[in-house]
Amino acid sequence: MFDTITINKDNKPIYDIIFDSTFDMLSKVVNDLNIADRKICVITDSNVCRYHINEVLSVLRENCGKVYSFSFEAGEQSKNLTVIEKMYAFLIEKHFDRNDVVFALGGGVVGDMTGFLAATYLRGIRFVQIPTSLLAMVDSSIGGKTGVDFNGYKNMVGAFHMPSYVCINTSVLKTLPEREFISGFAEIIKHSIIKDREYFDYLKKYSEAALKKDHEALTSIIYKSCLIKKSVVEEDPTEKGIRAFLNFGHTIGHAIEKFSDFKLLHGECVALGSICALYISMKRGLISEKEYNYACDLFAAYKLPVTLNSISHSDIDTIINITKSDKKSDNNTIKFILTGPIGNAFADKSVSDLEMAEAISSLIVIGGSNE
Ligand SMILES: NC(=O)c1ccc[n+]([C@@H]2O[C@H](COP(=O)([O-])OP(=O)(O)OC[C@H]3O[C@@H](n4cnc5c(N)ncnc54)[C@H](O)[C@@H]3O)[C@@H](O)[C@H]2O)c1
C-alpha cells in the first residue's frame, strides 16, 4: 500500500496523489486507469530524460503495450506554443486518440506543458503527473493549473485541467541540482506562512535533516505541504478566492525574477518576495518584529536568499513597475497577499508603491550579499 492523499471537488474524489520511493506505483496507475491496451506518451525534458526515463519506460512497458516518449530541451525557454505544436504533431503521428494518456515526467515546466497539451489535444485527454523537482512535488503538480508562456509573459496561455494521478517518487530528488532543490523550499515555507503555524515550527526543527535529504524528514515535509495545497485547491479549485493566498511572496518575487532576467531561480525570488510581504505585514502591525525576524531566519536556515545586493533606487522603481504588469493585477490594482500572525494570510488591494519600495529597500538594508 502506498501513502495517498485524495483531492476532492464538491466532496467527490477526483484524483489521488500517491507517494513512494520507487516508480512501482505506475503499475497500479496503468491498472486503475485501465490503459493496458491504450497508448501512453511520457513527456519529459532533456535533464530528467537522462536520469529517469529508462526506469519509467521499463515499468510502463511491463504494463502497457504501446509506450512512447517525447523529450524537449530543459528550461523555461521551452515553455511555449512552438514546443506544444511539436507535441501535437507527435501525438497525431502516433495516432493518439481520446482514450490514450500522456504522462508528465519532470519539474513544473514539463508538468505545466503536458497538462496544457492534455487539456487541448482532441479537446482534452487524461494526463498523469510524475513530478521530479521539489517545487513540482509540493506545488505545480497539484491543482490542475496548466499553461505556457507567451510573448514574454509567464503562463499567459493556459487551462484548468485536472490530472488523473499525481505520482511522487521522492528518490528522484537525489539527481535534482542542489540549487533547484533549495529553491523548492521557498514554496514549502510559504505554505506554512499562509496556513499553518505548527508546520512553520516543524520546518524550523527539521531544516538540517531536510536539507540533507533525510528520507523521513523530507517525505513528511512533502506530504504536509501536499495536504496544505490540497486544502487550498479543494476550497477554491479555479482561483476565485483563497487560492490566491498561494501567491504570497509572488507579486514582488515575480518582479525580481523578471528584473534578474531569470538569473535568480523562482524559489529564490519567492523567498525575497515573501520577506517583502512579511515586512509590509510587520510595518502595518499585523505581525511582530520578532515573528518577522523568525520568518527571515527560516528562509536563511534553508539557504534561501534573504538579501539583495547591488540594486539602486531606480532599480526599485523598475521592480515596482514590473509588478503592475503581473497578470494577477486586476484593473491595475494589485491583489497583494499579506499575513496576520503566521498561518493567517489574506488578500489586500491597498498596498502602496511606497510600502513596496520600503519593503524592497529592506532587503538591501539588512546588509550582506545574496550569495
Ligand atoms: N501549475 C502550477 O500551479 C504552478 C505552480 C508553481 C510553478 N509553476 C511553474 O513551474 C515551473 C517551475 O518548475 P520547476 O522549478 O520544477 O522548474 P523546471 O521544470 O524547469 O525544473 C528545474 C530544473 O531541474 C531539472 N530537473 C527537474 N527534476 C529533476 C531531477 N529529478 N533530476 C535532475 N534534474 C531535474 C529540470 O530539467 C530543470 O533544469 C515554472 O514554469 C512555473 O511557472 C506552475
# chains A, B, ... in the order shown; residues from 1 in each chain; ligands from 1
$ closest_atom_pairs --of "chain A" --to "ligand 1" --cutoff "8 Å" --atoms "only C-alpha atoms and all ligand atoms" --output "CSV"
residue,atom,partner,partner_atom_place_in_ligand_line,distance
A:Asp45,CA,ligand 1,37 (O),5.7
A:Ser46,CA,ligand 1,37 (O),6.4
A:Asn47,CA,ligand 1,37 (O),4.4
A:Val48,CA,ligand 1,34 (N),5.1
A:Tyr51,CA,ligand 1,32 (N),6.6
A:His52,CA,ligand 1,31 (N),7.7
A:Ala74,CA,ligand 1,37 (O),4.8
A:Gly75,CA,ligand 1,20 (O),4.6
A:Glu76,CA,ligand 1,20 (O),5.6
A:Lys79,CA,ligand 1,41 (O),7.0
A:Gly106,CA,ligand 1,28 (N),5.1
A:Gly107,CA,ligand 1,19 (O),3.2
A:Gly108,CA,ligand 1,13 (O),3.2
A:Val109,CA,ligand 1,19 (O),3.8
A:Val110,CA,ligand 1,19 (O),5.6
A:Gly111,CA,ligand 1,1 (N),7.3
A:Asp112,CA,ligand 1,1 (N),5.4
A:Pro131,CA,ligand 1,28 (N),7.3
A:Thr132,CA,ligand 1,28 (N),4.1
A:Ser133,CA,ligand 1,28 (N),4.0
A:Leu134,CA,ligand 1,16 (O),6.8
A:Leu135,CA,ligand 1,16 (O),5.2
A:Ala136,CA,ligand 1,16 (O),5.0
A:Asp139,CA,ligand 1,5 (C),5.3
A:Ser140,CA,ligand 1,4 (C),3.6
A:Ser141,CA,ligand 1,1 (N),6.3
A:Ile142,CA,ligand 1,3 (O),6.7
A:Gly143,CA,ligand 1,3 (O),6.3
A:Gly144,CA,ligand 1,1 (N),6.6
A:Lys145,CA,ligand 1,1 (N),4.2
A:Thr146,CA,ligand 1,1 (N),5.1
A:Gly147,CA,ligand 1,1 (N),7.3
A:Val148,CA,ligand 1,41 (O),7.7
A:Lys154,CA,ligand 1,43 (O),6.6
A:Asn155,CA,ligand 1,43 (O),6.2
A:Val172,CA,ligand 1,31 (N),4.6
A:Leu173,CA,ligand 1,31 (N),4.8
A:Lys174,CA,ligand 1,31 (N),6.7
A:Thr175,CA,ligand 1,32 (N),4.0
A:Leu176,CA,ligand 1,32 (N),3.6
A:Pro177,CA,ligand 1,34 (N),6.0
A:Glu180,CA,ligand 1,24 (O),6.0
A:Ser183,CA,ligand 1,15 (O),7.5
A:Gly184,CA,ligand 1,15 (O),6.9
A:Leu265,CA,ligand 1,15 (O),7.7
A:His266,CA,ligand 1,15 (O),6.6
A:Gly267,CA,ligand 1,15 (O),7.4
$ write_last_selection --atoms "C-alpha atoms" --output "mmCIF file, in the first residue's frame"
data_model
loop_
_atom_site.group_PDB
_atom_site.id
_atom_site.type_symbol
_atom_site.label_atom_id
_atom_site.label_comp_id
_atom_site.auth_asym_id
_atom_site.auth_seq_id
_atom_site.Cartn_x
_atom_site.Cartn_y
_atom_site.Cartn_z
ATOM 1 C CA ASP A 45 12.861 17.276 -20.620
ATOM 2 C CA SER A 46 16.484 16.721 -21.598
ATOM 3 C CA ASN A 47 17.798 16.633 -17.992
ATOM 4 C CA VAL A 48 15.173 14.398 -16.449
ATOM 5 C CA TYR A 51 18.357 10.166 -15.315
ATOM 6 C CA HIS A 52 14.878 8.708 -15.108
ATOM 7 C CA ALA A 74 15.065 21.596 -20.394
ATOM 8 C CA GLY A 75 14.240 25.099 -19.172
ATOM 9 C CA GLU A 76 11.577 27.792 -19.044
ATOM 10 C CA LYS A 79 7.619 26.556 -22.227
ATOM 11 C CA GLY A 106 9.685 16.355 -14.852
ATOM 12 C CA GLY A 107 9.570 19.617 -12.968
ATOM 13 C CA GLY A 108 6.951 22.353 -13.186
ATOM 14 C CA VAL A 109 7.821 23.181 -16.810
ATOM 15 C CA VAL A 110 7.125 19.632 -18.014
ATOM 16 C CA GLY A 111 4.023 19.402 -15.793
ATOM 17 C CA ASP A 112 2.501 22.702 -16.946
ATOM 18 C CA PRO A 131 6.812 15.474 -10.572
ATOM 19 C CA THR A 132 10.593 15.274 -10.247
ATOM 20 C CA SER A 133 11.535 18.651 -8.743
ATOM 21 C CA LEU A 134 10.716 19.596 -5.151
ATOM 22 C CA LEU A 135 8.659 22.549 -6.400
ATOM 23 C CA ALA A 136 6.629 20.322 -8.705
ATOM 24 C CA ASP A 139 3.083 22.814 -5.740
ATOM 25 C CA SER A 140 2.764 22.744 -9.522
ATOM 26 C CA SER A 141 1.644 19.109 -9.987
ATOM 27 C CA ILE A 142 -1.408 19.591 -7.766
ATOM 28 C CA GLY A 143 -4.443 21.671 -8.615
ATOM 29 C CA GLY A 144 -4.776 21.429 -12.390
ATOM 30 C CA LYS A 145 -3.270 24.775 -13.419
ATOM 31 C CA THR A 146 -1.588 24.186 -16.783
ATOM 32 C CA GLY A 147 -0.139 26.529 -19.376
ATOM 33 C CA VAL A 148 2.710 28.059 -21.336
ATOM 34 C CA LYS A 154 4.655 33.900 -17.945
ATOM 35 C CA ASN A 155 1.801 31.387 -18.002
ATOM 36 C CA VAL A 172 14.321 11.179 -7.814
ATOM 37 C CA LEU A 173 15.292 14.228 -5.757
ATOM 38 C CA LYS A 174 18.783 12.693 -5.479
ATOM 39 C CA THR A 175 19.535 13.845 -9.022
ATOM 40 C CA LEU A 176 17.927 17.295 -8.702
ATOM 41 C CA PRO A 177 20.646 20.019 -8.725
ATOM 42 C CA GLU A 180 16.885 23.733 -7.591
ATOM 43 C CA SER A 183 14.648 26.719 -4.294
ATOM 44 C CA GLY A 184 11.709 24.331 -3.773
ATOM 45 C CA LEU A 265 15.539 30.932 -9.580
ATOM 46 C CA HIS A 266 11.792 31.143 -8.993
ATOM 47 C CA GLY A 267 12.030 29.874 -5.390
#
$ residues_around --residues "A:His215" --least-positions-apart "3" --cutoff "12 Å" --atoms "only C-alpha atoms" --output "PyMOL selection string"
chain A and resi 20-21+169-174+206+209-212+218-223
$ residues_around --residues "A:Asn344" --least-positions-apart "2" --cutoff "12 Å" --atoms "only C-alpha atoms" --output "ChimeraX atom specification"
/A:190-197,200,242,245-246,248,278,281,286-287,337-342,346-347
$ write_last_selection --atoms "N, CA and C atoms" --output "mmCIF file, in the first residue's frame"
data_model
loop_
_atom_site.group_PDB
_atom_site.id
_atom_site.type_symbol
_atom_site.label_atom_id
_atom_site.label_comp_id
_atom_site.auth_asym_id
_atom_site.auth_seq_id
_atom_site.Cartn_x
_atom_site.Cartn_y
_atom_site.Cartn_z
ATOM 1 N N LYS A 190 6.440 29.021 2.324
ATOM 2 C CA LYS A 190 5.254 29.826 2.014
ATOM 3 C C LYS A 190 3.978 29.117 2.489
ATOM 4 N N HIS A 191 3.870 27.813 2.247
ATOM 5 C CA HIS A 191 2.684 27.063 2.696
ATOM 6 C C HIS A 191 2.472 27.260 4.191
ATOM 7 N N SER A 192 3.576 27.167 4.952
ATOM 8 C CA SER A 192 3.432 27.289 6.410
ATOM 9 C C SER A 192 3.023 28.705 6.786
ATOM 10 N N ILE A 193 3.555 29.694 6.087
ATOM 11 C CA ILE A 193 3.228 31.097 6.445
ATOM 12 C C ILE A 193 1.757 31.390 6.176
ATOM 13 N N ILE A 194 1.240 30.861 5.064
ATOM 14 C CA ILE A 194 -0.151 31.224 4.740
ATOM 15 C C ILE A 194 -1.167 30.424 5.542
ATOM 16 N N LYS A 195 -0.793 29.233 5.998
ATOM 17 C CA LYS A 195 -1.836 28.326 6.517
ATOM 18 C C LYS A 195 -1.581 27.661 7.854
ATOM 19 N N ASP A 196 -0.313 27.524 8.280
ATOM 20 C CA ASP A 196 -0.107 26.565 9.360
ATOM 21 C C ASP A 196 1.104 26.918 10.227
ATOM 22 N N ARG A 197 0.855 27.549 11.345
ATOM 23 C CA ARG A 197 1.928 27.973 12.253
ATOM 24 C C ARG A 197 2.737 26.777 12.787
ATOM 25 N N PHE A 200 5.182 25.639 10.346
ATOM 26 C CA PHE A 200 6.276 26.616 10.311
ATOM 27 C C PHE A 200 7.357 26.221 11.339
ATOM 28 N N ILE A 242 -9.568 31.993 -2.078
ATOM 29 C CA ILE A 242 -8.393 31.800 -1.213
ATOM 30 C C ILE A 242 -7.179 31.171 -1.921
ATOM 31 N N PHE A 245 -4.052 33.009 -2.101
ATOM 32 C CA PHE A 245 -3.092 33.089 -0.996
ATOM 33 C C PHE A 245 -1.769 32.399 -1.358
ATOM 34 N N LEU A 246 -1.880 31.430 -2.295
ATOM 35 C CA LEU A 246 -0.655 30.740 -2.726
ATOM 36 C C LEU A 246 0.295 31.696 -3.446
ATOM 37 N N PHE A 248 1.328 34.319 -2.158
ATOM 38 C CA PHE A 248 2.121 35.013 -1.140
ATOM 39 C C PHE A 248 3.586 35.060 -1.603
ATOM 40 N N LEU A 278 6.226 39.970 4.267
ATOM 41 C CA LEU A 278 6.296 39.912 5.736
ATOM 42 C C LEU A 278 6.666 41.292 6.295
ATOM 43 N N SER A 281 3.675 43.436 6.203
ATOM 44 C CA SER A 281 2.776 42.977 7.279
ATOM 45 C C SER A 281 3.263 43.497 8.637
ATOM 46 N N LEU A 286 0.690 43.915 11.668
ATOM 47 C CA LEU A 286 -0.050 42.637 11.595
ATOM 48 C C LEU A 286 0.745 41.498 12.211
ATOM 49 N N ILE A 287 2.073 41.587 12.103
ATOM 50 C CA ILE A 287 2.933 40.605 12.786
ATOM 51 C C ILE A 287 4.000 41.388 13.551
ATOM 52 N N ILE A 337 -0.820 39.642 -1.229
ATOM 53 C CA ILE A 337 -1.140 38.734 -0.125
ATOM 54 C C ILE A 337 -0.244 39.096 1.062
ATOM 55 N N LEU A 338 -0.906 39.429 2.171
ATOM 56 C CA LEU A 338 -0.195 39.771 3.405
ATOM 57 C C LEU A 338 -0.512 38.677 4.427
ATOM 58 N N THR A 339 0.094 38.778 5.607
ATOM 59 C CA THR A 339 -0.271 37.806 6.638
ATOM 60 C C THR A 339 -0.462 38.484 7.990
ATOM 61 N N GLY A 340 -1.447 37.976 8.716
ATOM 62 C CA GLY A 340 -1.580 38.340 10.126
ATOM 63 C C GLY A 340 -0.612 37.428 10.841
ATOM 64 N N PRO A 341 -0.843 37.096 12.130
ATOM 65 C CA PRO A 341 0.068 36.140 12.770
ATOM 66 C C PRO A 341 0.288 34.941 11.842
ATOM 67 N N ILE A 342 1.552 34.425 11.805
ATOM 68 C CA ILE A 342 1.921 33.370 10.841
ATOM 69 C C ILE A 342 0.818 32.311 10.753
ATOM 70 N N PHE A 346 -4.042 36.782 4.028
ATOM 71 C CA PHE A 346 -5.266 37.383 3.479
ATOM 72 C C PHE A 346 -4.870 38.289 2.311
ATOM 73 N N ALA A 347 -5.851 38.585 1.445
ATOM 74 C CA ALA A 347 -5.573 39.428 0.277
ATOM 75 C C ALA A 347 -5.855 40.884 0.615
#
$ residues_around --residues "A:Ser231" --least-positions-apart "4" --cutoff "10 Å" --atoms "only C-alpha atoms" --output "NGL selection string"
:A and (7-8 or 195 or 225-227 or 235-237 or 243)
$ closest_residue --among "A:Asp16, A:Asp10, A:Asp317, A:Asp100" --to "A:Val42" --atoms "only C-alpha atoms"
A:Asp100
$ closest_residue --among "A:Gly65, A:Thr318, A:Cys49, A:Asp149" --to "A:Ser78" --atoms "only C-alpha atoms"
A:Asp149
$ residues_around --residues "A:Leu122" --least-positions-apart "4" --cutoff "9 Å" --atoms "only C-alpha atoms" --output "JSON, numbers by chain"
{"A": [97, 98, 118]}
$ select_by_dssp --residues "stretch 25-212 of chain A" --states "alpha helix (DSSP H)" --output "ChimeraX atom specification"
/A:25-33,46-63,81-93,108-120,134-135,178-195,197-205,207-211
$ residues_around --residues "A:Val29" --least-positions-apart "6" --cutoff "12 Å" --atoms "only C-alpha atoms" --output "number ranges by chain"
A: 2, 15-18, 23, 35-36, 40, 59-60, 63-64, 101, 103, 127-130, 163-167
$ select_by_dssp --residues "stretch 96-336 of chain A" --states "strand (DSSP E or B)" --output "PDB file with N, CA and C atoms, in the first residue's frame"
ATOM      1  N   VAL A 101      -3.270   8.332 -23.083  1.00  0.00           N
ATOM      2  CA  VAL A 101      -2.904   9.148 -21.910  1.00  0.00           C
ATOM      3  C   VAL A 101      -1.476   9.682 -22.046  1.00  0.00           C
ATOM      4  N   VAL A 102      -1.256  10.928 -21.591  1.00  0.00           N
ATOM      5  CA  VAL A 102       0.120  11.439 -21.539  1.00  0.00           C
ATOM      6  C   VAL A 102       0.574  11.528 -20.084  1.00  0.00           C
ATOM      7  N   PHE A 103       1.849  11.256 -19.875  1.00  0.00           N
ATOM      8  CA  PHE A 103       2.442  11.311 -18.537  1.00  0.00           C
ATOM      9  C   PHE A 103       3.485  12.430 -18.537  1.00  0.00           C
ATOM     10  N   ALA A 104       3.464  13.262 -17.501  1.00  0.00           N
ATOM     11  CA  ALA A 104       4.447  14.352 -17.383  1.00  0.00           C
ATOM     12  C   ALA A 104       5.531  13.924 -16.417  1.00  0.00           C
ATOM     13  N   LEU A 105       6.739  13.654 -16.924  1.00  0.00           N
ATOM     14  CA  LEU A 105       7.853  13.262 -16.059  1.00  0.00           C
ATOM     15  C   LEU A 105       8.837  14.433 -16.001  1.00  0.00           C
ATOM     16  N   GLY A 106       8.765  15.222 -14.938  1.00  0.00           N
ATOM     17  CA  GLY A 106       9.685  16.355 -14.852  1.00  0.00           C
ATOM     18  C   GLY A 106       9.261  17.374 -13.806  1.00  0.00           C
ATOM     19  N   ARG A 126      -6.673  12.459 -20.882  1.00  0.00           N
ATOM     20  CA  ARG A 126      -6.206  12.317 -19.493  1.00  0.00           C
ATOM     21  C   ARG A 126      -4.679  12.493 -19.414  1.00  0.00           C
ATOM     22  N   PHE A 127      -4.222  12.950 -18.251  1.00  0.00           N
ATOM     23  CA  PHE A 127      -2.767  13.001 -18.042  1.00  0.00           C
ATOM     24  C   PHE A 127      -2.415  12.688 -16.598  1.00  0.00           C
ATOM     25  N   VAL A 128      -1.171  12.201 -16.442  1.00  0.00           N
ATOM     26  CA  VAL A 128      -0.669  11.810 -15.123  1.00  0.00           C
ATOM     27  C   VAL A 128       0.566  12.648 -14.825  1.00  0.00           C
ATOM     28  N   GLN A 129       0.638  13.162 -13.623  1.00  0.00           N
ATOM     29  CA  GLN A 129       1.811  13.944 -13.219  1.00  0.00           C
ATOM     30  C   GLN A 129       2.808  13.053 -12.485  1.00  0.00           C
ATOM     31  N   ILE A 130       4.075  13.062 -12.932  1.00  0.00           N
ATOM     32  CA  ILE A 130       5.157  12.427 -12.159  1.00  0.00           C
ATOM     33  C   ILE A 130       6.173  13.538 -11.871  1.00  0.00           C
ATOM     34  N   PRO A 131       5.937  14.332 -10.832  1.00  0.00           N
ATOM     35  CA  PRO A 131       6.812  15.474 -10.572  1.00  0.00           C
ATOM     36  C   PRO A 131       8.197  15.035 -10.108  1.00  0.00           C
ATOM     37  N   LYS A 145      -3.607  23.577 -12.621  1.00  0.00           N
ATOM     38  CA  LYS A 145      -3.270  24.775 -13.419  1.00  0.00           C
ATOM     39  C   LYS A 145      -2.220  24.361 -14.447  1.00  0.00           C
ATOM     40  N   THR A 146      -2.522  24.572 -15.727  1.00  0.00           N
ATOM     41  CA  THR A 146      -1.588  24.186 -16.783  1.00  0.00           C
ATOM     42  C   THR A 146      -1.375  25.393 -17.698  1.00  0.00           C
ATOM     43  N   GLY A 147      -0.294  25.410 -18.453  1.00  0.00           N
ATOM     44  CA  GLY A 147      -0.139  26.529 -19.376  1.00  0.00           C
ATOM     45  C   GLY A 147       1.268  26.702 -19.901  1.00  0.00           C
ATOM     46  N   VAL A 148       1.406  27.722 -20.752  1.00  0.00           N
ATOM     47  CA  VAL A 148       2.710  28.059 -21.336  1.00  0.00           C
ATOM     48  C   VAL A 148       2.906  29.578 -21.285  1.00  0.00           C
ATOM     49  N   ASP A 149       4.150  29.981 -21.490  1.00  0.00           N
ATOM     50  CA  ASP A 149       4.454  31.414 -21.553  1.00  0.00           C
ATOM     51  C   ASP A 149       4.155  31.906 -22.971  1.00  0.00           C
ATOM     52  N   PHE A 150       3.881  33.213 -23.103  1.00  0.00           N
ATOM     53  CA  PHE A 150       3.564  33.742 -24.435  1.00  0.00           C
ATOM     54  C   PHE A 150       4.074  35.170 -24.555  1.00  0.00           C
ATOM     55  N   TYR A 153       5.355  36.851 -21.526  1.00  0.00           N
ATOM     56  CA  TYR A 153       4.502  36.838 -20.330  1.00  0.00           C
ATOM     57  C   TYR A 153       4.382  35.419 -19.815  1.00  0.00           C
ATOM     58  N   LYS A 154       4.671  35.253 -18.532  1.00  0.00           N
ATOM     59  CA  LYS A 154       4.655  33.900 -17.945  1.00  0.00           C
ATOM     60  C   LYS A 154       3.240  33.356 -17.826  1.00  0.00           C
ATOM     61  N   ASN A 155       3.080  32.115 -18.173  1.00  0.00           N
ATOM     62  CA  ASN A 155       1.801  31.387 -18.002  1.00  0.00           C
ATOM     63  C   ASN A 155       0.599  32.160 -18.547  1.00  0.00           C
ATOM     64  N   MET A 156       0.807  32.843 -19.669  1.00  0.00           N
ATOM     65  CA  MET A 156      -0.247  33.730 -20.191  1.00  0.00           C
ATOM     66  C   MET A 156      -1.356  32.942 -20.889  1.00  0.00           C
ATOM     67  N   VAL A 157      -1.003  31.758 -21.411  1.00  0.00           N
ATOM     68  CA  VAL A 157      -1.983  30.943 -22.130  1.00  0.00           C
ATOM     69  C   VAL A 157      -2.106  29.618 -21.374  1.00  0.00           C
ATOM     70  N   GLY A 158      -3.315  29.250 -20.987  1.00  0.00           N
ATOM     71  CA  GLY A 158      -3.425  28.012 -20.226  1.00  0.00           C
ATOM     72  C   GLY A 158      -4.849  27.577 -19.986  1.00  0.00           C
ATOM     73  N   ALA A 159      -4.975  26.538 -19.185  1.00  0.00           N
ATOM     74  CA  ALA A 159      -6.307  25.995 -18.909  1.00  0.00           C
ATOM     75  C   ALA A 159      -6.266  25.275 -17.568  1.00  0.00           C
ATOM     76  N   PHE A 160      -7.421  25.172 -16.929  1.00  0.00           N
ATOM     77  CA  PHE A 160      -7.504  24.290 -15.767  1.00  0.00           C
ATOM     78  C   PHE A 160      -7.821  22.898 -16.299  1.00  0.00           C
ATOM     79  N   TYR A 165      -3.791  11.299 -11.954  1.00  0.00           N
ATOM     80  CA  TYR A 165      -2.981  10.861 -10.807  1.00  0.00           C
ATOM     81  C   TYR A 165      -1.791  11.796 -10.670  1.00  0.00           C
ATOM     82  N   VAL A 166      -1.302  11.932  -9.420  1.00  0.00           N
ATOM     83  CA  VAL A 166      -0.001  12.566  -9.209  1.00  0.00           C
ATOM     84  C   VAL A 166       0.850  11.510  -8.505  1.00  0.00           C
ATOM     85  N   CYS A 167       1.974  11.131  -9.112  1.00  0.00           N
ATOM     86  CA  CYS A 167       2.811  10.051  -8.583  1.00  0.00           C
ATOM     87  C   CYS A 167       4.123  10.631  -8.076  1.00  0.00           C
ATOM     88  N   ILE A 168       4.291  10.683  -6.766  1.00  0.00           N
ATOM     89  CA  ILE A 168       5.503  11.301  -6.207  1.00  0.00           C
ATOM     90  C   ILE A 168       6.485  10.228  -5.746  1.00  0.00           C
ATOM     91  N   ASN A 169       7.586  10.109  -6.486  1.00  0.00           N
ATOM     92  CA  ASN A 169       8.674   9.199  -6.108  1.00  0.00           C
ATOM     93  C   ASN A 169       9.799  10.086  -5.576  1.00  0.00           C
ATOM     94  N   ASP A 330      -5.505  43.327 -11.173  1.00  0.00           N
ATOM     95  CA  ASP A 330      -6.864  43.431 -11.643  1.00  0.00           C
ATOM     96  C   ASP A 330      -7.133  44.915 -11.872  1.00  0.00           C
ATOM     97  N   THR A 333      -4.945  47.189 -10.208  1.00  0.00           N
ATOM     98  CA  THR A 333      -4.858  47.100  -8.749  1.00  0.00           C
ATOM     99  C   THR A 333      -4.253  45.746  -8.424  1.00  0.00           C
ATOM    100  N   PHE A 336      -2.442  41.991  -3.350  1.00  0.00           N
ATOM    101  CA  PHE A 336      -1.240  41.606  -2.611  1.00  0.00           C
ATOM    102  C   PHE A 336      -1.647  40.639  -1.503  1.00  0.00           C
TER     103      PHE A 336
END
$ decode --residues "stretch 262-279 of chain A" --atoms "N, CA and C atoms" --output "tab-separated table (two decimals), in the first residue's frame"
chain	number	residue	atom	x	y	z
A	262	PHE	N	15.79	36.28	-14.99
A	262	PHE	CA	15.66	34.86	-14.67
A	262	PHE	C	17.00	34.22	-14.27
A	263	LYS	N	17.97	35.08	-13.84
A	263	LYS	CA	19.23	34.51	-13.33
A	263	LYS	C	18.99	33.96	-11.94
A	264	LEU	N	18.07	34.62	-11.20
A	264	LEU	CA	17.69	34.06	-9.90
A	264	LEU	C	16.58	33.05	-10.15
A	265	LEU	N	16.57	31.96	-9.39
A	265	LEU	CA	15.54	30.93	-9.58
A	265	LEU	C	14.22	31.39	-8.96
A	266	HIS	N	13.12	30.78	-9.46
A	266	HIS	CA	11.79	31.14	-8.99
A	266	HIS	C	11.70	31.12	-7.45
A	267	GLY	N	12.14	30.02	-6.85
A	267	GLY	CA	12.03	29.87	-5.39
A	267	GLY	C	12.86	30.94	-4.66
A	268	GLU	N	14.03	31.25	-5.22
A	268	GLU	CA	14.88	32.27	-4.59
A	268	GLU	C	14.13	33.61	-4.58
A	269	CYS	N	13.42	33.89	-5.68
A	269	CYS	CA	12.68	35.15	-5.77
A	269	CYS	C	11.44	35.11	-4.88
A	270	VAL	N	10.83	33.93	-4.76
A	270	VAL	CA	9.67	33.80	-3.86
A	270	VAL	C	10.12	34.06	-2.42
A	271	ALA	N	11.32	33.60	-2.07
A	271	ALA	CA	11.84	33.86	-0.72
A	271	ALA	C	11.96	35.38	-0.51
A	272	LEU	N	12.57	36.06	-1.48
A	272	LEU	CA	12.76	37.52	-1.34
A	272	LEU	C	11.40	38.24	-1.33
A	273	GLY	N	10.49	37.80	-2.22
A	273	GLY	CA	9.16	38.41	-2.26
A	273	GLY	C	8.39	38.16	-0.97
A	274	SER	N	8.59	36.99	-0.38
A	274	SER	CA	7.89	36.67	0.88
A	274	SER	C	8.41	37.58	1.99
A	275	ILE	N	9.72	37.80	2.00
A	275	ILE	CA	10.29	38.66	3.04
A	275	ILE	C	9.72	40.08	2.89
A	276	CYS	N	9.52	40.53	1.65
A	276	CYS	CA	8.90	41.85	1.43
A	276	CYS	C	7.46	41.86	1.97
A	277	ALA	N	6.71	40.79	1.68
A	277	ALA	CA	5.31	40.73	2.15
A	277	ALA	C	5.27	40.69	3.68
A	278	LEU	N	6.23	39.97	4.27
A	278	LEU	CA	6.30	39.91	5.74
A	278	LEU	C	6.67	41.29	6.29
A	279	TYR	N	7.54	41.99	5.59
A	279	TYR	CA	7.98	43.32	6.04
A	279	TYR	C	6.78	44.29	6.05
